[in-house]
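Q: Dropping a structure here in structure tokens format, bear with me for questions.
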Amino acid sequence: MKYFISVITFVFILMAGDLANADEWSTYYELSGYKKTPSYDQTLNYCQKLDSASIWIKLTSFGISPQGRKLPLLIIDKHSNFTPEKVRASGNAVLLIQAGIHSGEIDGKDAGLMLIQDLLIRKKHIDLLDNVTLLFIPIFNVDGHERSGPYNRINQNGPEEMGWRMTAQNLNLNRDFMKADSPEMQHWLSLFNKWLPDFLVDCHVTDGADYQYVVTYGFEDYQNVAQPLRELTRDMLEAYLNKKMDKAGFPMFPYVMFRNWDDIRSGLRAGAAPPRFSTGYGVVQNRIFLLIETHMLKTYQLRVSGTYNLLLSILQFVHEQAENIKETNLASDSLTIRLSGKYLPLNMAYSKNDSVMVEFKGVEYDRVPSDISGKDWVIYHADKKKTYQMPYYNKVLATDSVLVPFAYLIPVEWKEEIQRIKLHGIKINYLSKDTSLAVSSYRFSNIKWPGKSYEGHQQPEYDITPVEEVRKYPRGTPVVLLDQRTNRIIVNLLEPKAQDSFVSWGFWNGIFEQKEYAEDYVLEKLAREMLEKDPAVKIEFEKKLAEDESFAANPETRLYFFYKRSPYWDQTLNLYPVGKVMRPVSLPLVSENELN
């Protein structure tokens with residue numbers, strides 16, 4: 001019995017030491033000795049407690065998850081302005097911080113709650129809210145957050161239990177910004193369009209190699225970014241945050257990507273994120289969307305502390321540069337509105353020939369042959385720090401670009417795609433009468449299908465050939481004019497070459513399916529008639545027989561040679577249904593309300 005009491009006393013002493021500075025406002029994470037993260041209900045209870053204690057904060061939600069949970073949103077404003085309209089009228093810059101888009105990577109939730117606690121309850125750094133309104137999403141993937149357990153992230157060192165990467169529908173929210181399959185993302189897009197934040201932050205935890213950095217970061221500053229935004233990011237933001245974090249004891253490095261994933265000696269590389277990712281979506285919305293990636297092998301306490309300090313530094317930057325950030329965003333929007341008739345980069349890749357030497361704070365490692373995998377096994381030695389001088393391939397160039405048209409026309413029957421376009425805040429007009437137009441479009445060929453689905457989609461690969469033709473469009477046809485601040489999104493959704501276009505994601509897979517066929521005995525007769533009546537077809541057929549062995553050896557292909565050249569062939573097969581008008585023309589347009 002005495003032994004039992006002594007154990008209790010010992011545990012109490014340990015807890016008392018951990019909680020020496022605890023009070024009624026300490027978070028669940030702090031009370032756990034910096035080892036645990038609160039559940040969804042515990043998180044909301046703490047948020048409600050903050051809401052009740054301060055007139056500067058409001059707990060609300062921006063939607064409902066597939067399993068019926070509210071998507072929480074905290075609005076912090078020193079003037080108690082809790083609507084987009086009031087905040088815009090006040091002149092404040094809007095900073096949106098989101099955590100738990102991958103709910104196992106939950107550092108941002110606990111760091112953000114501590115930051116809000118310090119701001120509103122302990123009145124630390126309170127001047128930073130003078131001209132900044134803070135939006136905080138403590139948990140984005142709320143359903144995945146509640147699929148909690150100690151074994152959800154094999155690479156990650158804490159917390160003791162953590163949520164799941166995917167949503168209840170097994171969707172990765174950080175691949176969903178453009179296609180917007182998930183209800184959570186559809187609600188987020190609605191939130192974004194209402195508030196149009198001036199600066200956004202997405203909190204994550206890495207996978208990958210071992211190294212010394214607790215915090216790495218990512219943002220887009222390549223030629224696909226509007227120039228004013230690119231200059232602000234390169235010339236001011238990066239140096240500012242690195243200086244702040246150095247002073248706080250958390251030296252940073254850009255998000256770590258090795259040219260060969262398991263070999264430091266291959267060098268580091270940069271890369272532009274397509275808009276399915278948060279940082280890439282910032283590009284097409286003309287906003288900085290900064291990525292925080294803490295290092296998964298560091299302790300949870302160290303990671304949360306690093307995230308806290310970076311969030312505080314970002315808040316300081318937005319406070320100091322509020323007017324500059326807003327003006328830069330407006331200038332970027334203004335340039336984007338005038339993109340029609342100019343070339344826009346679509347896909348990007350790093351240059352394999354251009355590098356600079358950088359200092360990288362890594363750790364020693366060995367590569368040993370593995371009798372398990374049959375390849376080299378990388379063994380990191382975290383206790384043996386090593387600074388490497390290594391090449392950094394940080395020059396990223398456009399691999400595809402497109403001339404931005406005057407307008408896109410989408411046949412009215414493609415209602416799902418039209419609805420997804422609206423989710424991004426894109427304005428759609430409609431033809432008020434039947435209209436024939438000369439348009440540019442594409443025909444697809446060499447379509448290839450993957451062996452498995454990705455994010456619930458079968459993504460085709462294809463070649464495209466431009467086509468020019470006159471198409472008849474009935475009254476009510478949706479027309480997307482390229483005179484909008486969302487022009488970059490429009491082009492990335494509707495140009496098939498773009499990585500996150502509707503075609504690339506498989507929204508239009510039906511156009512690749514042949515629906516009418518012909519019997520061989522019918523085609524035998526048709527072929528003879530065509531050979532007799534059309535000498536050019538006869539010459540082409542005989543040439544192909546002589547030069548293409550696979551063609552000559554395939555009876556069906558030989559017969560379909562004639563079917564494809566006959567008036568019976570489906571001319572819409574592999575034809576892109578979206579047409580684009582390249583130059584300004586007068587179109588009979590009305591709004592949706594006027595159309596109805």
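Each chain in the structure tokens gets a letter, A, B and so on, in the order shown; residues start at 1 in every chain, and ligands are counted from 1 in the order they appear.
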Enumerate, as a ChimeraX atom specification, the complete set of residues in range 334-507 of chain A that a backbone-based DSSP assignment places in strand (DSSP E or B).

A: /A:343-350,356-369,376-393,396-403,407-409,429-431,435-448,454,457,461-473,478-481

Q: Env of Thr307 in chain A: 7 Å cut, atoms = only C-alpha atoms, seq-sep filter 2 positions within chain, self excluded. Answer as an MDAnalysis selection string.

A: chainID A and resid 107:108 111 303:305 309:311

Q: Given only C-alpha atoms as the basis, pick out the residue of A:Ile75, A:Ala527, A:Val412, A:Ile490 nearest to Thr477 in chain A.

A: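 When distances to Thr477 in chain A are compared using only C-alpha atoms, the smallest one comes from A:Val412.
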
Q: Using DSSP on the backbone, list every residue of range 359-487 of chain A that comes out as helix (DSSP H, G or I), and give them as a ChimeraX atom specification.

A: /A:415-423,487

Q: Counting only C-alpha atoms, what is within 8 Å of Val284 in chain A, bar same-chain residues fewer than 6 positions away, as number ranges by chain?

A: A: 225, 275, 486-489

Q: Counting only C-alpha atoms, figure out which residue out of A:Ser332, A:Gln156, A:Thr27, A:Thr299 gets nearest to Gln42 in chain A.

A: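 The answer is A:Thr27, which sits nearest to Gln42 in chain A.
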
Q: Env of Met257 in chain A: 12 Å cut, atoms = only C-alpha atoms, seq-sep filter 5 positions within chain, self excluded. Answer as number ranges by chain.

A: A: 206-211, 216-218, 262-272, 350, 360, 391-394

Q: Keeping only N, CA and C atoms, write the selected residues as an mmCIF file, in the first residue's frame.

A:
```cif
data_model
loop_
_atom_site.group_PDB
_atom_site.id
_atom_site.type_symbol
_atom_site.label_atom_id
_atom_site.label_comp_id
_atom_site.auth_asym_id
_atom_site.auth_seq_id
_atom_site.Cartn_x
_atom_site.Cartn_y
_atom_site.Cartn_z
ATOM 1 N N THR A 206 5.995 16.473 -42.467
ATOM 2 C CA THR A 206 6.604 15.795 -43.601
ATOM 3 C C THR A 206 6.565 14.279 -43.454
ATOM 4 N N ASP A 207 6.844 13.610 -44.567
ATOM 5 C CA ASP A 207 7.467 12.297 -44.585
ATOM 6 C C ASP A 207 8.858 12.525 -45.173
ATOM 7 N N GLY A 208 9.583 11.441 -45.476
ATOM 8 C CA GLY A 208 10.837 11.626 -46.186
ATOM 9 C C GLY A 208 12.067 11.387 -45.344
ATOM 10 N N ALA A 209 13.145 12.084 -45.684
ATOM 11 C CA ALA A 209 14.465 11.835 -45.121
ATOM 12 C C ALA A 209 14.606 12.389 -43.714
ATOM 13 N N ASP A 210 15.742 12.088 -43.088
ATOM 14 C CA ASP A 210 16.075 12.660 -41.785
ATOM 15 C C ASP A 210 17.063 13.804 -42.001
ATOM 16 N N TYR A 211 16.918 14.862 -41.196
ATOM 17 C CA TYR A 211 17.811 16.008 -41.250
ATOM 18 C C TYR A 211 17.603 16.820 -39.983
ATOM 19 N N THR A 216 10.320 23.097 -42.182
ATOM 20 C CA THR A 216 10.586 23.482 -43.564
ATOM 21 C C THR A 216 9.344 24.190 -44.094
ATOM 22 N N TYR A 217 9.489 24.851 -45.236
ATOM 23 C CA TYR A 217 8.399 25.679 -45.737
ATOM 24 C C TYR A 217 8.347 25.606 -47.258
ATOM 25 N N GLY A 218 7.221 26.016 -47.798
ATOM 26 C CA GLY A 218 7.076 26.065 -49.245
ATOM 27 C C GLY A 218 6.123 27.161 -49.662
ATOM 28 N N ASP A 262 15.833 8.729 -52.043
ATOM 29 C CA ASP A 262 16.545 8.100 -50.934
ATOM 30 C C ASP A 262 18.051 8.354 -50.967
ATOM 31 N N ASP A 263 18.466 9.403 -51.691
ATOM 32 C CA ASP A 263 19.900 9.628 -51.837
ATOM 33 C C ASP A 263 20.204 11.121 -51.743
ATOM 34 N N ILE A 264 20.723 11.542 -50.587
ATOM 35 C CA ILE A 264 21.080 12.946 -50.393
ATOM 36 C C ILE A 264 22.091 13.404 -51.438
ATOM 37 N N ARG A 265 23.014 12.509 -51.826
ATOM 38 C CA ARG A 265 24.086 12.894 -52.741
ATOM 39 C C ARG A 265 23.575 13.297 -54.117
ATOM 40 N N SER A 266 22.345 12.948 -54.433
ATOM 41 C CA SER A 266 21.791 13.312 -55.741
ATOM 42 C C SER A 266 21.477 14.799 -55.839
ATOM 43 N N GLY A 267 21.456 15.498 -54.705
ATOM 44 C CA GLY A 267 21.154 16.922 -54.705
ATOM 45 C C GLY A 267 19.699 17.202 -54.404
ATOM 46 N N LEU A 268 19.412 18.450 -54.130
ATOM 47 C CA LEU A 268 18.063 18.915 -53.828
ATOM 48 C C LEU A 268 17.429 19.508 -55.070
ATOM 49 N N ARG A 269 16.124 19.495 -55.093
ATOM 50 C CA ARG A 269 15.425 20.122 -56.218
ATOM 51 C C ARG A 269 14.220 20.902 -55.716
ATOM 52 N N ALA A 270 13.822 21.878 -56.495
ATOM 53 C CA ALA A 270 12.590 22.626 -56.243
ATOM 54 C C ALA A 270 11.496 22.096 -57.159
ATOM 55 N N GLY A 271 10.318 22.635 -57.032
ATOM 56 C CA GLY A 271 9.222 22.229 -57.907
ATOM 57 C C GLY A 271 7.995 23.080 -57.661
ATOM 58 N N ALA A 272 7.263 23.320 -58.726
ATOM 59 C CA ALA A 272 6.018 24.075 -58.607
ATOM 60 C C ALA A 272 4.865 23.109 -58.366
ATOM 61 N N TYR A 350 11.423 21.458 -62.885
ATOM 62 C CA TYR A 350 12.720 22.042 -62.552
ATOM 63 C C TYR A 350 13.732 21.731 -63.650
ATOM 64 N N PHE A 360 23.226 22.512 -46.439
ATOM 65 C CA PHE A 360 22.086 21.728 -45.967
ATOM 66 C C PHE A 360 22.452 21.015 -44.672
ATOM 67 N N PRO A 391 24.315 20.571 -54.455
ATOM 68 C CA PRO A 391 23.623 21.331 -55.497
ATOM 69 C C PRO A 391 22.118 21.390 -55.235
ATOM 70 N N TYR A 392 21.568 22.560 -55.476
ATOM 71 C CA TYR A 392 20.128 22.780 -55.319
ATOM 72 C C TYR A 392 19.590 23.217 -56.676
ATOM 73 N N TYR A 393 18.793 22.364 -57.297
ATOM 74 C CA TYR A 393 18.226 22.649 -58.615
ATOM 75 C C TYR A 393 16.921 23.416 -58.403
ATOM 76 N N ASN A 394 17.065 24.717 -58.311
ATOM 77 C CA ASN A 394 15.934 25.553 -57.900
ATOM 78 C C ASN A 394 15.368 26.415 -59.020
#
```

Q: Residues near His125 in chain A, anyone? I mean within 12 Å using only C-alpha atoms, not counting same-chain ones fewer than 5 positions away, as a PyMOL selection string.

A: chain A and resi 115-120+130+312-313+315-316+319

Q: Which residues come within 9 Å of range 454-461 of chain A, counting only C-alpha atoms, excluding same-chain residues fewer than 2 positions away, as a ChimeraX atom specification?

A: /A:170-172,175-176,446-452,463,503-507,509

Q: Pull N, CA and C atoms from the residues just selected and write them as a PDB file, in the first residue's frame.

A:
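The new file selection_17.pdb reads:
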```pdb
ATOM      1  N   ASN A 170     -12.389   8.632 -48.117  1.00  0.00           N
ATOM      2  CA  ASN A 170     -11.062   8.220 -48.586  1.00  0.00           C
ATOM      3  C   ASN A 170     -10.497   9.169 -49.637  1.00  0.00           C
ATOM      4  N   LEU A 171     -10.770  10.449 -49.472  1.00  0.00           N
ATOM      5  CA  LEU A 171     -10.253  11.480 -50.368  1.00  0.00           C
ATOM      6  C   LEU A 171      -9.184  12.294 -49.648  1.00  0.00           C
ATOM      7  N   ASN A 172      -8.156  12.680 -50.388  1.00  0.00           N
ATOM      8  CA  ASN A 172      -7.085  13.511 -49.878  1.00  0.00           C
ATOM      9  C   ASN A 172      -7.451  14.967 -50.165  1.00  0.00           C
ATOM     10  N   ARG A 175      -5.406  17.228 -52.418  1.00  0.00           N
ATOM     11  CA  ARG A 175      -5.370  16.942 -53.855  1.00  0.00           C
ATOM     12  C   ARG A 175      -6.686  17.391 -54.493  1.00  0.00           C
ATOM     13  N   ASP A 176      -7.500  18.093 -53.729  1.00  0.00           N
ATOM     14  CA  ASP A 176      -8.897  18.310 -54.111  1.00  0.00           C
ATOM     15  C   ASP A 176      -9.262  19.767 -54.359  1.00  0.00           C
ATOM     16  N   ASN A 446      -4.407   8.731 -79.232  1.00  0.00           N
ATOM     17  CA  ASN A 446      -3.477   7.939 -78.415  1.00  0.00           C
ATOM     18  C   ASN A 446      -3.867   7.948 -76.935  1.00  0.00           C
ATOM     19  N   ILE A 447      -5.136   7.738 -76.688  1.00  0.00           N
ATOM     20  CA  ILE A 447      -5.619   7.746 -75.310  1.00  0.00           C
ATOM     21  C   ILE A 447      -5.149   6.486 -74.599  1.00  0.00           C
ATOM     22  N   LYS A 448      -4.560   6.685 -73.411  1.00  0.00           N
ATOM     23  CA  LYS A 448      -4.079   5.569 -72.600  1.00  0.00           C
ATOM     24  C   LYS A 448      -4.696   5.661 -71.213  1.00  0.00           C
ATOM     25  N   TRP A 449      -4.953   4.489 -70.636  1.00  0.00           N
ATOM     26  CA  TRP A 449      -5.629   4.439 -69.337  1.00  0.00           C
ATOM     27  C   TRP A 449      -4.708   3.852 -68.287  1.00  0.00           C
ATOM     28  N   PRO A 450      -4.745   4.403 -67.075  1.00  0.00           N
ATOM     29  CA  PRO A 450      -3.875   3.891 -66.010  1.00  0.00           C
ATOM     30  C   PRO A 450      -4.374   2.543 -65.507  1.00  0.00           C
ATOM     31  N   GLY A 451      -3.494   1.842 -64.810  1.00  0.00           N
ATOM     32  CA  GLY A 451      -3.872   0.539 -64.277  1.00  0.00           C
ATOM     33  C   GLY A 451      -4.696   0.620 -63.011  1.00  0.00           C
ATOM     34  N   LYS A 452      -4.780   1.808 -62.402  1.00  0.00           N
ATOM     35  CA  LYS A 452      -5.565   1.962 -61.180  1.00  0.00           C
ATOM     36  C   LYS A 452      -6.088   3.387 -61.095  1.00  0.00           C
ATOM     37  N   ASP A 463      -2.782  12.594 -76.474  1.00  0.00           N
ATOM     38  CA  ASP A 463      -2.224  13.653 -77.314  1.00  0.00           C
ATOM     39  C   ASP A 463      -3.383  14.517 -77.787  1.00  0.00           C
ATOM     40  N   VAL A 503     -10.440  17.444 -68.005  1.00  0.00           N
ATOM     41  CA  VAL A 503     -10.117  16.304 -68.863  1.00  0.00           C
ATOM     42  C   VAL A 503      -9.070  15.425 -68.191  1.00  0.00           C
ATOM     43  N   SER A 504      -8.038  16.043 -67.635  1.00  0.00           N
ATOM     44  CA  SER A 504      -6.977  15.285 -66.986  1.00  0.00           C
ATOM     45  C   SER A 504      -7.491  14.477 -65.796  1.00  0.00           C
ATOM     46  N   TRP A 505      -8.473  15.017 -65.082  1.00  0.00           N
ATOM     47  CA  TRP A 505      -9.035  14.315 -63.922  1.00  0.00           C
ATOM     48  C   TRP A 505     -10.088  13.276 -64.323  1.00  0.00           C
ATOM     49  N   GLY A 506     -10.413  13.198 -65.605  1.00  0.00           N
ATOM     50  CA  GLY A 506     -11.343  12.171 -66.053  1.00  0.00           C
ATOM     51  C   GLY A 506     -12.800  12.570 -66.033  1.00  0.00           C
ATOM     52  N   PHE A 507     -13.090  13.864 -65.937  1.00  0.00           N
ATOM     53  CA  PHE A 507     -14.475  14.306 -65.934  1.00  0.00           C
ATOM     54  C   PHE A 507     -15.140  14.087 -67.291  1.00  0.00           C
ATOM     55  N   ASN A 509     -14.325  11.557 -69.537  1.00  0.00           N
ATOM     56  CA  ASN A 509     -13.905  10.271 -70.100  1.00  0.00           C
ATOM     57  C   ASN A 509     -14.914   9.699 -71.089  1.00  0.00           C
TER      58      ASN A 509
END
```

Q: Can you write out as a tab-separated table which residues of range 118-219 of chain A fall within 12 Å of range 422-436 of chain A, alongside each residue's closest atom pair and its distance in Å to one decimal, counting only C-alpha atoms and ordering rows by chain and ascending residue number?

A:
```
residue	atom	partner	partner_atom	distance
A:Phe177	CA	A:His424	CA	9.2
A:Met178	CA	A:His424	CA	8.1
A:Lys179	CA	A:Leu423	CA	9.7
A:Ala180	CA	A:Leu423	CA	8.1
A:Asp181	CA	A:Leu423	CA	10.8
A:Ser182	CA	A:Leu423	CA	11.9
A:Pro183	CA	A:Leu423	CA	11.2
A:Met185	CA	A:Leu423	CA	9.5
A:Gln186	CA	A:Leu423	CA	6.7
A:His187	CA	A:Leu423	CA	9.0
A:Trp188	CA	A:Leu423	CA	9.6
A:Leu189	CA	A:His424	CA	6.2
A:Ser190	CA	A:Leu423	CA	6.8
A:Leu191	CA	A:Leu423	CA	10.3
A:Phe192	CA	A:His424	CA	8.7
A:Asn193	CA	A:Gly425	CA	5.9
A:Lys194	CA	A:Gly425	CA	9.0
A:Trp195	CA	A:Gly425	CA	11.3
A:Leu196	CA	A:Gly425	CA	10.0
```

Q: Restricted to N, CA and C atoms, what would the selected residues look like written as a PDB file, in the first residue's frame?

A:
```
ATOM      1  N   PHE A 177      -8.301  20.675 -54.297  1.00  0.00           N
ATOM      2  CA  PHE A 177      -8.648  22.093 -54.399  1.00  0.00           C
ATOM      3  C   PHE A 177      -9.274  22.437 -55.745  1.00  0.00           C
ATOM      4  N   MET A 178      -8.855  21.789 -56.826  1.00  0.00           N
ATOM      5  CA  MET A 178      -9.406  22.127 -58.137  1.00  0.00           C
ATOM      6  C   MET A 178     -10.634  21.300 -58.487  1.00  0.00           C
ATOM      7  N   LYS A 179     -10.528  19.971 -58.370  1.00  0.00           N
ATOM      8  CA  LYS A 179     -11.653  19.132 -58.776  1.00  0.00           C
ATOM      9  C   LYS A 179     -12.805  19.194 -57.781  1.00  0.00           C
ATOM     10  N   ALA A 180     -12.503  19.480 -56.509  1.00  0.00           N
ATOM     11  CA  ALA A 180     -13.526  19.726 -55.478  1.00  0.00           C
ATOM     12  C   ALA A 180     -14.547  18.591 -55.398  1.00  0.00           C
ATOM     13  N   ASP A 181     -14.070  17.362 -55.263  1.00  0.00           N
ATOM     14  CA  ASP A 181     -14.967  16.218 -55.103  1.00  0.00           C
ATOM     15  C   ASP A 181     -15.604  16.177 -53.719  1.00  0.00           C
ATOM     16  N   SER A 182     -14.845  16.519 -52.695  1.00  0.00           N
ATOM     17  CA  SER A 182     -15.296  16.310 -51.320  1.00  0.00           C
ATOM     18  C   SER A 182     -16.227  17.427 -50.862  1.00  0.00           C
ATOM     19  N   PRO A 183     -17.237  17.087 -50.055  1.00  0.00           N
ATOM     20  CA  PRO A 183     -18.078  18.142 -49.460  1.00  0.00           C
ATOM     21  C   PRO A 183     -17.251  19.129 -48.643  1.00  0.00           C
ATOM     22  N   MET A 185     -14.200  20.196 -49.189  1.00  0.00           N
ATOM     23  CA  MET A 185     -13.552  21.179 -50.058  1.00  0.00           C
ATOM     24  C   MET A 185     -14.572  22.121 -50.686  1.00  0.00           C
ATOM     25  N   GLN A 186     -15.729  21.615 -51.012  1.00  0.00           N
ATOM     26  CA  GLN A 186     -16.760  22.491 -51.560  1.00  0.00           C
ATOM     27  C   GLN A 186     -17.152  23.565 -50.546  1.00  0.00           C
ATOM     28  N   HIS A 187     -17.238  23.181 -49.268  1.00  0.00           N
ATOM     29  CA  HIS A 187     -17.515  24.172 -48.215  1.00  0.00           C
ATOM     30  C   HIS A 187     -16.342  25.142 -48.077  1.00  0.00           C
ATOM     31  N   TRP A 188     -15.116  24.622 -48.178  1.00  0.00           N
ATOM     32  CA  TRP A 188     -13.946  25.499 -48.049  1.00  0.00           C
ATOM     33  C   TRP A 188     -13.918  26.530 -49.171  1.00  0.00           C
ATOM     34  N   LEU A 189     -14.224  26.108 -50.382  1.00  0.00           N
ATOM     35  CA  LEU A 189     -14.234  27.045 -51.509  1.00  0.00           C
ATOM     36  C   LEU A 189     -15.275  28.128 -51.314  1.00  0.00           C
ATOM     37  N   SER A 190     -16.406  27.760 -50.750  1.00  0.00           N
ATOM     38  CA  SER A 190     -17.429  28.765 -50.446  1.00  0.00           C
ATOM     39  C   SER A 190     -16.905  29.759 -49.412  1.00  0.00           C
ATOM     40  N   LEU A 191     -16.225  29.249 -48.390  1.00  0.00           N
ATOM     41  CA  LEU A 191     -15.611  30.124 -47.388  1.00  0.00           C
ATOM     42  C   LEU A 191     -14.587  31.053 -48.032  1.00  0.00           C
ATOM     43  N   PHE A 192     -13.737  30.491 -48.889  1.00  0.00           N
ATOM     44  CA  PHE A 192     -12.716  31.304 -49.543  1.00  0.00           C
ATOM     45  C   PHE A 192     -13.350  32.422 -50.369  1.00  0.00           C
ATOM     46  N   ASN A 193     -14.354  32.088 -51.139  1.00  0.00           N
ATOM     47  CA  ASN A 193     -14.967  33.086 -52.014  1.00  0.00           C
ATOM     48  C   ASN A 193     -15.678  34.185 -51.236  1.00  0.00           C
ATOM     49  N   LYS A 194     -16.190  33.854 -50.072  1.00  0.00           N
ATOM     50  CA  LYS A 194     -16.841  34.880 -49.243  1.00  0.00           C
ATOM     51  C   LYS A 194     -15.813  35.837 -48.638  1.00  0.00           C
ATOM     52  N   TRP A 195     -14.691  35.275 -48.173  1.00  0.00           N
ATOM     53  CA  TRP A 195     -13.717  36.081 -47.445  1.00  0.00           C
ATOM     54  C   TRP A 195     -12.589  36.598 -48.334  1.00  0.00           C
ATOM     55  N   LEU A 196     -12.238  35.894 -49.392  1.00  0.00           N
ATOM     56  CA  LEU A 196     -11.067  36.224 -50.214  1.00  0.00           C
ATOM     57  C   LEU A 196      -9.873  36.609 -49.337  1.00  0.00           C
TER      58      LEU A 196
END
```

Q: Identify which of the residues A:Lys525, A:Arg443, A:Lys35, A:His102 lies closest to Pro496 in chain A, counting only C-alpha atoms when measuring atom-to-atom distances.

A: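 Looking at the shortest contact to Pro496 in chain A, the residue is A:Arg443.
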
Q: Kindly give the distance, in Å, that separates CA of Asp483 in chain A and CA of Leu339 in chain A, rounded to a single decimal.

A: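 Interatomic distance here is 7.7 Å.
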
Q: Work out how far CA of Glu293 in chain A is from CA of Ala349 in chain A, in Å to one decimal.

A: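 Taking CA of Ala349 in chain A as the start and CA of Glu293 in chain A as the end point, the length is 21.3 Å.
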